[in-house]
Structures are given as C-alpha cells and as structure tokens.
Amino acid sequence: MRRPPALLRAPLAASVILSAAACAPVPDGSAEDARTLTVFAAASLTGAFEELGGVFEERNPGTAVEFSFAGSSDLAAQVNAGAPADVFASASTATMDLVVDAGGAGGEPVVFARNVLEIAVPPDDPAGIGSLDDLAEDGVSVALCAEEVPCGAAARAVLDASGVEFEPATLERDVKAALTKVELGEVDAALVYTTDVAAASGRVRGVPFPEAEEAVNDYPVAVLADAPEAGLAASWVELVTSPEGAEVLSGAGFRTP
C-alpha cells in the first residue's frame, strides 16, 4: 500500500485527533459551564455556611461556592470599594446598613439568624472565670473584638449595660481571632459568640452569662447590586432562609429569627 505524501500526513493525523476529541465524552461541569458563587460572610458563619455550601454545590452541578470569611465591617468596606461578590451576610444590621446606604444591596436584606455572646475560657479555666464580673478581676487577661466589628460592638453594649469595666489585653479584627487567643493560651478569656464556642468544643469551654441578652445580634443576608451571578445569589439566600438552612444554623448554635 502506498503511503500518503509527507505533506499530507500531518493534516491526516490532525483530522484523526479532532475526530477522536469530538467523540470523547464531555465531563459534567466543564470549564465553559462552570459557575462560581462568591459569598462574603461574617467569620462566625464559617462552619454553618461551609456545610450549606456543600449542599448548594450538590444541587447546582458545575457550580462552586467560594467564601470570604472576615469581620463584617471589613467585608462591608470591601463591598463598598467594588470587590466582586454575589452575596453579603453580616453579623449585624448596622454593618449591613453600611452596604445598603451605599447602594450596594440588590434587594432588601433578610434576617436569617441571631447570636449572643458567651465567655470562652481554656478547658481548665486557670483564671476561674464564672461570670462577667470575673473578667474585671486583677490579673485576668481578656480578648475582645474591635468595636467596629459586630462582636466588639455587642461586647461594648453588654459591658456598658452591666457596668463591668476592664482594659482588654487585645482587640481583634474578627471573632475567630479573639477565640484563637484563648485556644493558644495567650489570654484567660474572650467574649465571643456562643456559636464560636460550640465550633471550638474541646479546645475551649463556654461560660454563659445573663447579661448577654443585652446585645443579641441579628444576622442579615442580601444579594449584592452588582452580583455577577445574581440568579445563584438569590438561590443561596433562599437556601439560607429555608427550614433546611435554619436546621443547619440551629445545629451550629444560632438562634432562628
């Protein structure tokens, strides 16, 4: 059999390769069909939202949920500065208002959860913390969130209402950072959310205190005005505010609104 001229072999080979590629199966969620939902959320929502993210991805094949967890005030500033995101979930209505007032929300925010403070101490509690008053004892070191962060604003409201005064050992940018100070043994206690204590079970111990009811935080969520994936964002809000979402949030220690 006569072989084709050398100049024709390359086109013939390319034709075979292209034919094979055309017959090959296309995997689900191909690069062309892949979509990304970007969610900015308060640090205290980390565990619950990651669980809901898995549910969302299963129900929306080819979709990836990417989270940015941080202090709500930092996230609000990023949204107002034009950071690309689809959803914003804040740990307080005050920080959500920063986005709404700047025209960054695409619709009316919806409150989907509530949270209260708790004192986090090391498992062996060497300082013997049993109440809010104990945080003001000599030699006790306490981590708080910065006041512009919702957990810091709640802590300030509780301390002012109860008349407890002390100088914090450190002011952190979000609640997870304050909790980490306790986990590392760098402070005797921290004022954090009950949900954060629950998430760190075994690494810290929680001390509830009645004064916490003076500052219960509402958590609102909203689709952002410039959301690249507005449809997916609306579906995320629907999941978070559904009975299934409430069950996940309740399991993480949040109150339902």
# chains A, B, ... in the order shown; residues from 1 in each chain; ligands from 1
>>> residues_around(residues="segment 135-146 of chain A", least_positions_apart="5", cutoff="9 Å", atoms="only C-alpha atoms", output="PyMOL selection string")
chain A and resi 127+129-130+151-153+155+164-175+177-179+181-182+186-192
>>> write_last_selection(atoms="N, CA and C atoms", output="mmCIF file, in the first residue's frame")
data_model
loop_
_atom_site.group_PDB
_atom_site.id
_atom_site.type_symbol
_atom_site.label_atom_id
_atom_site.label_comp_id
_atom_site.auth_asym_id
_atom_site.auth_seq_id
_atom_site.Cartn_x
_atom_site.Cartn_y
_atom_site.Cartn_z
ATOM 1 N N ALA A 127 -7.957 30.857 85.323
ATOM 2 C CA ALA A 127 -8.315 32.105 85.996
ATOM 3 C C ALA A 127 -9.606 31.993 86.800
ATOM 4 N N ILE A 129 -12.886 31.735 85.766
ATOM 5 C CA ILE A 129 -13.926 32.646 85.271
ATOM 6 C C ILE A 129 -15.296 31.973 85.394
ATOM 7 N N GLY A 130 -16.193 32.615 86.135
ATOM 8 C CA GLY A 130 -17.533 32.057 86.285
ATOM 9 C C GLY A 130 -18.635 33.046 85.963
ATOM 10 N N CYS A 151 -19.089 41.708 66.864
ATOM 11 C CA CYS A 151 -18.884 41.070 68.168
ATOM 12 C C CYS A 151 -18.277 42.049 69.164
ATOM 13 N N GLY A 152 -17.506 43.013 68.679
ATOM 14 C CA GLY A 152 -16.949 44.031 69.550
ATOM 15 C C GLY A 152 -17.998 45.039 69.987
ATOM 16 N N ALA A 153 -18.885 45.404 69.071
ATOM 17 C CA ALA A 153 -19.967 46.321 69.410
ATOM 18 C C ALA A 153 -20.907 45.683 70.429
ATOM 19 N N ALA A 155 -20.052 43.324 72.592
ATOM 20 C CA ALA A 155 -19.324 43.262 73.863
ATOM 21 C C ALA A 155 -19.368 44.607 74.577
ATOM 22 N N VAL A 164 -19.539 46.658 83.976
ATOM 23 C CA VAL A 164 -18.257 45.965 84.141
ATOM 24 C C VAL A 164 -17.199 46.696 83.324
ATOM 25 N N GLU A 165 -16.082 47.027 83.955
ATOM 26 C CA GLU A 165 -15.020 47.776 83.277
ATOM 27 C C GLU A 165 -13.683 47.067 83.429
ATOM 28 N N PHE A 166 -12.952 46.970 82.341
ATOM 29 C CA PHE A 166 -11.593 46.442 82.364
ATOM 30 C C PHE A 166 -10.899 46.838 81.069
ATOM 31 N N GLU A 167 -9.592 46.783 81.063
ATOM 32 C CA GLU A 167 -8.803 47.081 79.871
ATOM 33 C C GLU A 167 -8.497 45.775 79.161
ATOM 34 N N PRO A 168 -9.006 45.590 77.940
ATOM 35 C CA PRO A 168 -8.735 44.322 77.245
ATOM 36 C C PRO A 168 -7.255 44.157 76.926
ATOM 37 N N ALA A 169 -6.821 42.913 76.934
ATOM 38 C CA ALA A 169 -5.427 42.624 76.603
ATOM 39 C C ALA A 169 -5.169 42.793 75.113
ATOM 40 N N THR A 170 -6.195 42.589 74.300
ATOM 41 C CA THR A 170 -6.053 42.703 72.851
ATOM 42 C C THR A 170 -7.407 42.956 72.221
ATOM 43 N N LEU A 171 -7.407 43.675 71.097
ATOM 44 C CA LEU A 171 -8.615 43.910 70.305
ATOM 45 C C LEU A 171 -8.385 43.283 68.933
ATOM 46 N N GLU A 172 -9.250 42.358 68.543
ATOM 47 C CA GLU A 172 -9.050 41.591 67.316
ATOM 48 C C GLU A 172 -10.018 42.025 66.216
ATOM 49 N N ARG A 173 -9.630 41.738 64.956
ATOM 50 C CA ARG A 173 -10.401 42.175 63.796
ATOM 51 C C ARG A 173 -11.635 41.327 63.537
ATOM 52 N N ASP A 174 -11.698 40.108 64.078
ATOM 53 C CA ASP A 174 -12.901 39.296 63.950
ATOM 54 C C ASP A 174 -12.981 38.318 65.105
ATOM 55 N N VAL A 175 -14.119 37.679 65.242
ATOM 56 C CA VAL A 175 -14.381 36.840 66.413
ATOM 57 C C VAL A 175 -13.503 35.598 66.435
ATOM 58 N N ALA A 177 -10.423 35.383 65.503
ATOM 59 C CA ALA A 177 -9.104 35.777 66.004
ATOM 60 C C ALA A 177 -9.125 35.920 67.519
ATOM 61 N N ALA A 178 -10.216 36.465 68.062
ATOM 62 C CA ALA A 178 -10.334 36.590 69.518
ATOM 63 C C ALA A 178 -10.374 35.217 70.174
ATOM 64 N N LEU A 179 -11.104 34.297 69.567
ATOM 65 C CA LEU A 179 -11.193 32.942 70.108
ATOM 66 C C LEU A 179 -9.839 32.240 70.064
ATOM 67 N N LYS A 181 -6.975 33.444 70.492
ATOM 68 C CA LYS A 181 -6.142 33.877 71.619
ATOM 69 C C LYS A 181 -6.356 32.980 72.837
ATOM 70 N N VAL A 182 -7.585 32.539 73.049
ATOM 71 C CA VAL A 182 -7.879 31.630 74.155
ATOM 72 C C VAL A 182 -7.328 30.235 73.847
ATOM 73 N N GLU A 186 -3.023 32.494 75.157
ATOM 74 C CA GLU A 186 -2.445 33.835 75.233
ATOM 75 C C GLU A 186 -3.265 34.774 76.119
ATOM 76 N N VAL A 187 -4.530 34.431 76.360
ATOM 77 C CA VAL A 187 -5.381 35.201 77.267
ATOM 78 C C VAL A 187 -6.177 34.230 78.135
ATOM 79 N N ASP A 188 -6.732 34.762 79.225
ATOM 80 C CA ASP A 188 -7.537 33.923 80.131
ATOM 81 C C ASP A 188 -8.957 33.739 79.635
ATOM 82 N N ALA A 189 -9.443 34.676 78.818
ATOM 83 C CA ALA A 189 -10.834 34.617 78.369
ATOM 84 C C ALA A 189 -11.028 35.514 77.160
ATOM 85 N N ALA A 190 -12.147 35.297 76.469
ATOM 86 C CA ALA A 190 -12.544 36.160 75.351
ATOM 87 C C ALA A 190 -14.054 36.223 75.302
ATOM 88 N N LEU A 191 -14.570 37.370 74.899
ATOM 89 C CA LEU A 191 -16.007 37.499 74.665
ATOM 90 C C LEU A 191 -16.259 37.218 73.187
ATOM 91 N N VAL A 192 -16.882 36.076 72.928
ATOM 92 C CA VAL A 192 -17.148 35.645 71.558
ATOM 93 C C VAL A 192 -18.600 35.173 71.480
#
>>> residues_around(residues="Arg255 of chain A", least_positions_apart="4", cutoff="8 Å", atoms="only C-alpha atoms", output="list of chain:residue names")
A:Ala113, A:Arg114, A:Asn115, A:Leu249, A:Ser250
>>> write_last_selection(atoms="C-alpha atoms", output="mmCIF file, in the first residue's frame")
data_model
loop_
_atom_site.group_PDB
_atom_site.id
_atom_site.type_symbol
_atom_site.label_atom_id
_atom_site.label_comp_id
_atom_site.auth_asym_id
_atom_site.auth_seq_id
_atom_site.Cartn_x
_atom_site.Cartn_y
_atom_site.Cartn_z
ATOM 1 C CA ALA A 113 -30.185 34.057 62.297
ATOM 2 C CA ARG A 114 -29.432 35.549 65.709
ATOM 3 C CA ASN A 115 -26.442 35.164 68.019
ATOM 4 C CA LEU A 249 -27.750 27.144 61.628
ATOM 5 C CA SER A 250 -29.511 25.874 64.751
#
>>> closest_residue(among="A:Phe88, A:Asp160, A:Pro61, A:Phe49", to="Ala233 of chain A", atoms="only C-alpha atoms")
A:Phe88
>>> residues_around(residues="Asp86 of chain A", least_positions_apart="2", cutoff="7 Å", atoms="only C-alpha atoms", output="list in words")
Leu37, Thr38, Val39, Val223, Leu224, Ala227, Pro228, Glu229, Ala230 and Ala233 of chain A
>>> write_last_selection(atoms="N, CA and C atoms", output="PDB file, in the first residue's frame")
ATOM      1  N   LEU A  37     -20.155  31.050  42.697  1.00  0.00           N
ATOM      2  CA  LEU A  37     -20.912  31.933  43.571  1.00  0.00           C
ATOM      3  C   LEU A  37     -19.973  32.426  44.660  1.00  0.00           C
ATOM      4  N   THR A  38     -19.801  33.736  44.766  1.00  0.00           N
ATOM      5  CA  THR A  38     -18.886  34.320  45.752  1.00  0.00           C
ATOM      6  C   THR A  38     -19.691  34.906  46.900  1.00  0.00           C
ATOM      7  N   VAL A  39     -19.438  34.369  48.096  1.00  0.00           N
ATOM      8  CA  VAL A  39     -20.183  34.766  49.288  1.00  0.00           C
ATOM      9  C   VAL A  39     -19.251  35.426  50.289  1.00  0.00           C
ATOM     10  N   VAL A 223     -28.526  39.788  48.478  1.00  0.00           N
ATOM     11  CA  VAL A 223     -27.899  39.710  47.157  1.00  0.00           C
ATOM     12  C   VAL A 223     -27.325  41.090  46.864  1.00  0.00           C
ATOM     13  N   LEU A 224     -26.111  41.151  46.346  1.00  0.00           N
ATOM     14  CA  LEU A 224     -25.475  42.441  46.081  1.00  0.00           C
ATOM     15  C   LEU A 224     -25.916  43.013  44.735  1.00  0.00           C
ATOM     16  N   ALA A 227     -23.949  41.862  41.659  1.00  0.00           N
ATOM     17  CA  ALA A 227     -23.615  40.433  41.710  1.00  0.00           C
ATOM     18  C   ALA A 227     -23.413  39.865  40.306  1.00  0.00           C
ATOM     19  N   PRO A 228     -22.226  39.285  40.023  1.00  0.00           N
ATOM     20  CA  PRO A 228     -22.018  38.657  38.720  1.00  0.00           C
ATOM     21  C   PRO A 228     -22.942  37.457  38.492  1.00  0.00           C
ATOM     22  N   GLU A 229     -23.348  36.798  39.581  1.00  0.00           N
ATOM     23  CA  GLU A 229     -24.229  35.632  39.498  1.00  0.00           C
ATOM     24  C   GLU A 229     -25.473  35.889  40.343  1.00  0.00           C
ATOM     25  N   ALA A 230     -26.278  36.832  39.906  1.00  0.00           N
ATOM     26  CA  ALA A 230     -27.443  37.242  40.691  1.00  0.00           C
ATOM     27  C   ALA A 230     -28.444  36.101  40.884  1.00  0.00           C
ATOM     28  N   ALA A 233     -27.075  33.809  43.465  1.00  0.00           N
ATOM     29  CA  ALA A 233     -27.117  34.515  44.744  1.00  0.00           C
ATOM     30  C   ALA A 233     -28.506  34.435  45.358  1.00  0.00           C
TER      31      ALA A 233
END
>>> residues_around(residues="Arg59 of chain A", least_positions_apart="4", cutoff="12 Å", atoms="only C-alpha atoms", output="PyMOL selection string")
chain A and resi 52-55+63-65+232+235-236+239
>>> write_last_selection(atoms="C-alpha atoms", output="PDB file, in the first residue's frame")
ATOM      1  CA  LEU A  52     -24.601  24.781  53.373  1.00  0.00           C
ATOM      2  CA  GLY A  53     -22.066  25.376  50.603  1.00  0.00           C
ATOM      3  CA  GLY A  54     -21.723  21.627  50.155  1.00  0.00           C
ATOM      4  CA  VAL A  55     -25.500  21.271  49.882  1.00  0.00           C
ATOM      5  CA  THR A  63     -21.247  25.483  40.494  1.00  0.00           C
ATOM      6  CA  ALA A  64     -18.530  26.228  43.056  1.00  0.00           C
ATOM      7  CA  VAL A  65     -19.208  28.281  46.164  1.00  0.00           C
ATOM      8  CA  LEU A 232     -27.265  31.885  42.013  1.00  0.00           C
ATOM      9  CA  SER A 235     -30.881  30.728  45.252  1.00  0.00           C
ATOM     10  CA  TRP A 236     -28.270  30.908  48.039  1.00  0.00           C
ATOM     11  CA  LEU A 239     -31.381  28.071  50.916  1.00  0.00           C
TER      12      LEU A 239
END
>>> residues_around(residues="segment 116-119 of chain A", least_positions_apart="3", cutoff="7 Å", atoms="only C-alpha atoms", output="count of residues only")
15
>>> decode(residues="segment 159-203 of chain A", atoms="N, CA and C atoms", output="short mmCIF file (atom, residue, chain, number, x, y, z; two decimals), in the first residue's frame")
data_model
loop_
_atom_site.label_atom_id
_atom_site.label_comp_id
_atom_site.auth_asym_id
_atom_site.auth_seq_id
_atom_site.Cartn_x
_atom_site.Cartn_y
_atom_site.Cartn_z
N LEU A 159 -21.00 45.27 78.27
CA LEU A 159 -20.16 45.78 79.36
C LEU A 159 -20.70 47.11 79.87
N ASP A 160 -21.16 47.97 78.98
CA ASP A 160 -21.71 49.26 79.40
C ASP A 160 -23.00 49.06 80.19
N ALA A 161 -23.84 48.14 79.71
CA ALA A 161 -25.13 47.92 80.38
C ALA A 161 -24.95 47.31 81.76
N SER A 162 -23.91 46.50 81.92
CA SER A 162 -23.69 45.81 83.19
C SER A 162 -22.77 46.58 84.14
N GLY A 163 -22.10 47.60 83.62
CA GLY A 163 -21.19 48.38 84.45
C GLY A 163 -19.86 47.71 84.72
N VAL A 164 -19.54 46.66 83.98
CA VAL A 164 -18.26 45.97 84.14
C VAL A 164 -17.20 46.70 83.32
N GLU A 165 -16.08 47.03 83.95
CA GLU A 165 -15.02 47.78 83.28
C GLU A 165 -13.68 47.07 83.43
N PHE A 166 -12.95 46.97 82.34
CA PHE A 166 -11.59 46.44 82.36
C PHE A 166 -10.90 46.84 81.07
N GLU A 167 -9.59 46.78 81.06
CA GLU A 167 -8.80 47.08 79.87
C GLU A 167 -8.50 45.78 79.16
N PRO A 168 -9.01 45.59 77.94
CA PRO A 168 -8.74 44.32 77.24
C PRO A 168 -7.26 44.16 76.93
N ALA A 169 -6.82 42.91 76.93
CA ALA A 169 -5.43 42.62 76.60
C ALA A 169 -5.17 42.79 75.11
N THR A 170 -6.19 42.59 74.30
CA THR A 170 -6.05 42.70 72.85
C THR A 170 -7.41 42.96 72.22
N LEU A 171 -7.41 43.68 71.10
CA LEU A 171 -8.61 43.91 70.31
C LEU A 171 -8.39 43.28 68.93
N GLU A 172 -9.25 42.36 68.54
CA GLU A 172 -9.05 41.59 67.32
C GLU A 172 -10.02 42.02 66.22
N ARG A 173 -9.63 41.74 64.96
CA ARG A 173 -10.40 42.18 63.80
C ARG A 173 -11.63 41.33 63.54
N ASP A 174 -11.70 40.11 64.08
CA ASP A 174 -12.90 39.30 63.95
C ASP A 174 -12.98 38.32 65.10
N VAL A 175 -14.12 37.68 65.24
CA VAL A 175 -14.38 36.84 66.41
C VAL A 175 -13.50 35.60 66.44
N LYS A 176 -13.16 35.06 65.27
CA LYS A 176 -12.30 33.88 65.24
C LYS A 176 -10.92 34.19 65.79
N ALA A 177 -10.42 35.38 65.50
CA ALA A 177 -9.10 35.78 66.00
C ALA A 177 -9.12 35.92 67.52
N ALA A 178 -10.22 36.47 68.06
CA ALA A 178 -10.33 36.59 69.52
C ALA A 178 -10.37 35.22 70.17
N LEU A 179 -11.10 34.30 69.57
CA LEU A 179 -11.19 32.94 70.11
C LEU A 179 -9.84 32.24 70.06
N THR A 180 -9.09 32.47 69.00
CA THR A 180 -7.78 31.83 68.86
C THR A 180 -6.85 32.22 69.99
N LYS A 181 -6.98 33.44 70.49
CA LYS A 181 -6.14 33.88 71.62
C LYS A 181 -6.36 32.98 72.84
N VAL A 182 -7.58 32.54 73.05
CA VAL A 182 -7.88 31.63 74.16
C VAL A 182 -7.33 30.24 73.85
N GLU A 183 -7.54 29.78 72.63
CA GLU A 183 -7.08 28.44 72.24
C GLU A 183 -5.56 28.31 72.40
N LEU A 184 -4.84 29.38 72.12
CA LEU A 184 -3.38 29.35 72.21
C LEU A 184 -2.88 29.63 73.63
N GLY A 185 -3.79 29.92 74.55
CA GLY A 185 -3.39 30.22 75.92
C GLY A 185 -2.78 31.59 76.10
N GLU A 186 -3.02 32.49 75.16
CA GLU A 186 -2.45 33.84 75.23
C GLU A 186 -3.27 34.77 76.12
N VAL A 187 -4.53 34.43 76.36
CA VAL A 187 -5.38 35.20 77.27
C VAL A 187 -6.18 34.23 78.14
N ASP A 188 -6.73 34.76 79.22
CA ASP A 188 -7.54 33.92 80.13
C ASP A 188 -8.96 33.74 79.64
N ALA A 189 -9.44 34.68 78.82
CA ALA A 189 -10.83 34.62 78.37
C ALA A 189 -11.03 35.51 77.16
N ALA A 190 -12.15 35.30 76.47
CA ALA A 190 -12.54 36.16 75.35
C ALA A 190 -14.05 36.22 75.30
N LEU A 191 -14.57 37.37 74.90
CA LEU A 191 -16.01 37.50 74.67
C LEU A 191 -16.26 37.22 73.19
N VAL A 192 -16.88 36.08 72.93
CA VAL A 192 -17.15 35.65 71.56
C VAL A 192 -18.60 35.17 71.48
N TYR A 193 -19.01 34.69 70.32
CA TYR A 193 -20.37 34.20 70.18
C TYR A 193 -20.49 32.76 70.69
N THR A 194 -21.69 32.41 71.12
CA THR A 194 -21.95 31.03 71.56
C THR A 194 -21.62 30.03 70.44
N THR A 195 -21.85 30.43 69.20
CA THR A 195 -21.59 29.54 68.07
C THR A 195 -20.10 29.24 67.92
N ASP A 196 -19.26 30.23 68.23
CA ASP A 196 -17.81 30.02 68.12
C ASP A 196 -17.31 29.09 69.22
N VAL A 197 -17.89 29.20 70.40
CA VAL A 197 -17.54 28.28 71.48
C VAL A 197 -17.93 26.86 71.09
N ALA A 198 -19.12 26.71 70.51
CA ALA A 198 -19.57 25.39 70.10
C ALA A 198 -18.66 24.80 69.03
N ALA A 199 -18.23 25.63 68.08
CA ALA A 199 -17.37 25.16 66.99
C ALA A 199 -16.00 24.73 67.50
N ALA A 200 -15.57 25.32 68.62
CA ALA A 200 -14.24 25.01 69.18
C ALA A 200 -14.35 24.05 70.37
N SER A 201 -15.42 23.28 70.41
CA SER A 201 -15.64 22.35 71.52
C SER A 201 -14.43 21.45 71.74
N GLY A 202 -14.00 21.37 73.00
CA GLY A 202 -12.82 20.57 73.34
C GLY A 202 -11.57 21.41 73.44
N ARG A 203 -11.55 22.52 72.71
CA ARG A 203 -10.39 23.41 72.74
C ARG A 203 -10.62 24.60 73.67
#
